[in-house]
Amino acid sequence: MEPGFSPLDEELEILPGSLTPLLHEQLVRLGTWMPFTRAVGEFANLIYTEVSEPTARRDTEAAGAALVAAQEAEVERLVAEAPAPPAGPEVGLFSVDGAMVPLVGGEWAEVKTLTLGEVVAEGGEVHTRQLSYFSRLADAERFTHQALGEAHRRGVETAGRVVAVSDGAEWIDKVLAYHRPDAV
């Protein structure tokens, strides 16, 4: 009998390769947290399953590309349909910054990150909670547009107040003004 495609593979959501969906998810999770070589070692120690570094790289990068594609599709849907935003927090945290990161080949580039959260007073202290993050290696204009999905999901437009924490770089003010024009 020749190896081939089982009709049940698709129905059972069996991924190509030797990993179950749960093992694939765990490998990708490790691959997003640490270098691929180290992720392979940790995977073997934790899951008692060996995979190669190219498998960890390929699976992690494919999962990342799928997430980016889904996020970009959501931004395009938001732009096309302009749905009402969900209810935001009473006080929302909006923080944007850039960090220089090394790229393959010795180059450096700025990765921009948007942090969104909720500011609450508890027991006489102020805390942030429900934090989420959106990062991209992109110029400021493209990053601002790409972050629309996360800003919309978190209700930035409808938050009672928005507290913007930033270093004051000009591009950061433009990001905030795009997502919350009344905040600047």
# chains A, B, ... in the order shown; residues from 1 in each chain; ligands from 1
$ residues_around --residues "A:Val119" --least-positions-apart "6" --cutoff "8 Å" --atoms "only C-alpha atoms" --output "mmCIF file with C-alpha atoms, in the first residue's frame"
data_model
loop_
_atom_site.group_PDB
_atom_site.id
_atom_site.type_symbol
_atom_site.label_atom_id
_atom_site.label_comp_id
_atom_site.auth_asym_id
_atom_site.auth_seq_id
_atom_site.Cartn_x
_atom_site.Cartn_y
_atom_site.Cartn_z
ATOM 1 C CA GLU A 90 -13.355 53.508 31.670
ATOM 2 C CA VAL A 91 -9.659 54.432 31.546
ATOM 3 C CA GLY A 92 -7.544 52.912 28.820
ATOM 4 C CA LEU A 93 -3.762 52.657 28.618
ATOM 5 C CA VAL A 126 -3.342 52.468 40.442
ATOM 6 C CA HIS A 127 -2.686 49.374 38.341
ATOM 7 C CA THR A 128 -2.805 48.373 34.699
ATOM 8 C CA ARG A 129 -4.386 45.081 33.720
#
$ residues_around --residues "stretch 167-172 of chain A" --least-positions-apart "6" --cutoff "12 Å" --atoms "only C-alpha atoms" --output "NGL selection string"
:A and (94-98 or 112-114 or 139-144 or 178-179 or 184)
$ write_last_selection --atoms "N, CA, C and O atoms" --output "mmCIF file, in the first residue's frame"
data_model
loop_
_atom_site.group_PDB
_atom_site.id
_atom_site.type_symbol
_atom_site.label_atom_id
_atom_site.label_comp_id
_atom_site.auth_asym_id
_atom_site.auth_seq_id
_atom_site.Cartn_x
_atom_site.Cartn_y
_atom_site.Cartn_z
ATOM 1 N N PHE A 94 -2.677 53.454 26.608
ATOM 2 C CA PHE A 94 -2.241 53.432 25.210
ATOM 3 C C PHE A 94 -0.767 53.805 25.234
ATOM 4 O O PHE A 94 -0.418 54.943 25.500
ATOM 5 N N SER A 95 0.095 52.834 24.995
ATOM 6 C CA SER A 95 1.528 53.101 25.031
ATOM 7 C C SER A 95 2.164 52.574 23.751
ATOM 8 O O SER A 95 1.906 51.444 23.339
ATOM 9 N N VAL A 96 2.975 53.412 23.130
ATOM 10 C CA VAL A 96 3.646 53.038 21.883
ATOM 11 C C VAL A 96 5.125 53.357 22.035
ATOM 12 O O VAL A 96 5.496 54.388 22.595
ATOM 13 N N ASP A 97 5.965 52.470 21.515
ATOM 14 C CA ASP A 97 7.401 52.733 21.533
ATOM 15 C C ASP A 97 8.062 51.912 20.444
ATOM 16 O O ASP A 97 7.447 51.020 19.865
ATOM 17 N N GLY A 98 9.289 52.209 20.205
ATOM 18 C CA GLY A 98 10.090 51.471 19.237
ATOM 19 C C GLY A 98 11.336 50.946 19.915
ATOM 20 O O GLY A 98 11.832 51.543 20.866
ATOM 21 N N LYS A 112 8.221 48.451 16.205
ATOM 22 C CA LYS A 112 7.300 49.294 16.953
ATOM 23 C C LYS A 112 6.299 48.416 17.683
ATOM 24 O O LYS A 112 5.846 47.410 17.147
ATOM 25 N N THR A 113 5.953 48.806 18.908
ATOM 26 C CA THR A 113 5.026 48.035 19.729
ATOM 27 C C THR A 113 3.966 48.941 20.318
ATOM 28 O O THR A 113 4.285 50.000 20.868
ATOM 29 N N LEU A 114 2.727 48.516 20.211
ATOM 30 C CA LEU A 114 1.589 49.170 20.839
ATOM 31 C C LEU A 114 1.165 48.301 22.020
ATOM 32 O O LEU A 114 0.971 47.097 21.863
ATOM 33 N N ASP A 139 7.424 50.906 8.984
ATOM 34 C CA ASP A 139 7.533 52.346 9.196
ATOM 35 C C ASP A 139 6.308 52.791 10.001
ATOM 36 O O ASP A 139 5.330 52.055 10.144
ATOM 37 N N ALA A 140 6.360 54.000 10.542
ATOM 38 C CA ALA A 140 5.320 54.476 11.459
ATOM 39 C C ALA A 140 3.936 54.500 10.813
ATOM 40 O O ALA A 140 2.947 54.115 11.441
ATOM 41 N N GLU A 141 3.865 54.931 9.565
ATOM 42 C CA GLU A 141 2.559 55.028 8.900
ATOM 43 C C GLU A 141 1.926 53.646 8.719
ATOM 44 O O GLU A 141 0.756 53.443 9.009
ATOM 45 N N ARG A 142 2.723 52.712 8.251
ATOM 46 C CA ARG A 142 2.201 51.344 8.045
ATOM 47 C C ARG A 142 1.851 50.701 9.382
ATOM 48 O O ARG A 142 0.819 50.046 9.510
ATOM 49 N N PHE A 143 2.703 50.870 10.387
ATOM 50 C CA PHE A 143 2.432 50.321 11.717
ATOM 51 C C PHE A 143 1.103 50.854 12.259
ATOM 52 O O PHE A 143 0.297 50.094 12.802
ATOM 53 N N THR A 144 0.882 52.156 12.104
ATOM 54 C CA THR A 144 -0.338 52.786 12.607
ATOM 55 C C THR A 144 -1.569 52.122 11.994
ATOM 56 O O THR A 144 -2.523 51.788 12.707
ATOM 57 N N TYR A 178 -4.298 58.994 15.285
ATOM 58 C CA TYR A 178 -5.026 58.153 14.323
ATOM 59 C C TYR A 178 -6.082 57.315 15.034
ATOM 60 O O TYR A 178 -7.202 57.173 14.558
ATOM 61 N N HIS A 179 -5.718 56.733 16.162
ATOM 62 C CA HIS A 179 -6.611 55.816 16.869
ATOM 63 C C HIS A 179 -7.559 56.513 17.835
ATOM 64 O O HIS A 179 -8.609 55.974 18.164
ATOM 65 N N VAL A 184 -5.284 63.855 21.527
ATOM 66 C CA VAL A 184 -4.086 64.664 21.304
ATOM 67 C C VAL A 184 -4.447 66.126 21.299
ATOM 68 O O VAL A 184 -5.442 66.550 20.826
#
$ select_by_dssp --residues "chain A" --states "strand (DSSP E or B)" --output "PyMOL selection string"
chain A and resi 91-102+108-122+125-136+161-165
$ atom_distance --atom1 "atom CA of A:Glu74" --atom2 "atom CA of A:Ala177"
20.7 Å
$ residues_around --residues "A:Pro89" --least-positions-apart "6" --cutoff "10 Å" --atoms "only C-alpha atoms" --output "ChimeraX atom specification"
/A:117-120,154-162
$ write_last_selection --atoms "N, CA, C and O atoms" --output "mmCIF file, in the first residue's frame"
data_model
loop_
_atom_site.group_PDB
_atom_site.id
_atom_site.type_symbol
_atom_site.label_atom_id
_atom_site.label_comp_id
_atom_site.auth_asym_id
_atom_site.auth_seq_id
_atom_site.Cartn_x
_atom_site.Cartn_y
_atom_site.Cartn_z
ATOM 1 N N GLY A 117 -4.212 48.560 27.455
ATOM 2 C CA GLY A 117 -4.652 47.962 28.701
ATOM 3 C C GLY A 117 -5.727 48.795 29.359
ATOM 4 O O GLY A 117 -6.261 49.747 28.782
ATOM 5 N N GLU A 118 -6.029 48.424 30.558
ATOM 6 C CA GLU A 118 -7.046 49.075 31.364
ATOM 7 C C GLU A 118 -6.377 49.591 32.629
ATOM 8 O O GLU A 118 -5.587 48.875 33.249
ATOM 9 N N VAL A 119 -6.673 50.824 32.995
ATOM 10 C CA VAL A 119 -6.118 51.423 34.213
ATOM 11 C C VAL A 119 -7.204 51.399 35.275
ATOM 12 O O VAL A 119 -8.322 51.880 35.042
ATOM 13 N N VAL A 120 -6.878 50.831 36.443
ATOM 14 C CA VAL A 120 -7.856 50.731 37.531
ATOM 15 C C VAL A 120 -7.216 51.148 38.849
ATOM 16 O O VAL A 120 -6.018 50.966 39.065
ATOM 17 N N ARG A 154 -9.854 46.362 21.307
ATOM 18 C CA ARG A 154 -9.743 46.773 22.708
ATOM 19 C C ARG A 154 -10.588 47.998 23.049
ATOM 20 O O ARG A 154 -10.586 48.463 24.176
ATOM 21 N N GLY A 155 -11.330 48.545 22.077
ATOM 22 C CA GLY A 155 -12.233 49.656 22.363
ATOM 23 C C GLY A 155 -11.543 50.977 22.641
ATOM 24 O O GLY A 155 -12.048 51.781 23.433
ATOM 25 N N VAL A 156 -10.418 51.236 21.979
ATOM 26 C CA VAL A 156 -9.696 52.497 22.192
ATOM 27 C C VAL A 156 -10.603 53.685 21.874
ATOM 28 O O VAL A 156 -10.617 54.680 22.600
ATOM 29 N N GLU A 157 -11.392 53.569 20.806
ATOM 30 C CA GLU A 157 -12.258 54.682 20.381
ATOM 31 C C GLU A 157 -13.333 55.025 21.412
ATOM 32 O O GLU A 157 -13.770 56.170 21.490
ATOM 33 N N THR A 158 -13.770 54.042 22.185
ATOM 34 C CA THR A 158 -14.884 54.265 23.103
ATOM 35 C C THR A 158 -14.469 54.288 24.571
ATOM 36 O O THR A 158 -15.334 54.390 25.443
ATOM 37 N N ALA A 159 -13.184 54.195 24.839
ATOM 38 C CA ALA A 159 -12.727 54.272 26.232
ATOM 39 C C ALA A 159 -13.127 55.626 26.810
ATOM 40 O O ALA A 159 -13.117 56.641 26.117
ATOM 41 N N GLY A 160 -13.491 55.631 28.091
ATOM 42 C CA GLY A 160 -13.862 56.887 28.737
ATOM 43 C C GLY A 160 -12.753 57.922 28.646
ATOM 44 O O GLY A 160 -12.966 59.058 28.233
ATOM 45 N N ARG A 161 -11.570 57.517 29.028
ATOM 46 C CA ARG A 161 -10.366 58.335 28.910
ATOM 47 C C ARG A 161 -9.242 57.432 28.445
ATOM 48 O O ARG A 161 -9.269 56.233 28.680
ATOM 49 N N VAL A 162 -8.259 58.041 27.808
ATOM 50 C CA VAL A 162 -7.092 57.287 27.372
ATOM 51 C C VAL A 162 -5.857 57.938 27.960
ATOM 52 O O VAL A 162 -5.641 59.138 27.803
#
$ closest_residue --among "A:Leu137, A:Val28, A:Ala147, A:Val111" --to "A:Val51" --atoms "only C-alpha atoms"
A:Val28
$ atom_distance --atom1 "atom CA of A:Arg153" --atom2 "atom CA of A:Asp59"
27.0 Å
$ atom_distance --atom1 "atom CA of A:Ala109" --atom2 "atom CA of A:Tyr133"
18.8 Å
$ select_by_dssp --residues "stretch 40-172 of chain A" --states "alpha helix (DSSP H)" --output "number ranges by chain"
A: 40-47, 53-81, 140-146, 148-153, 170-172
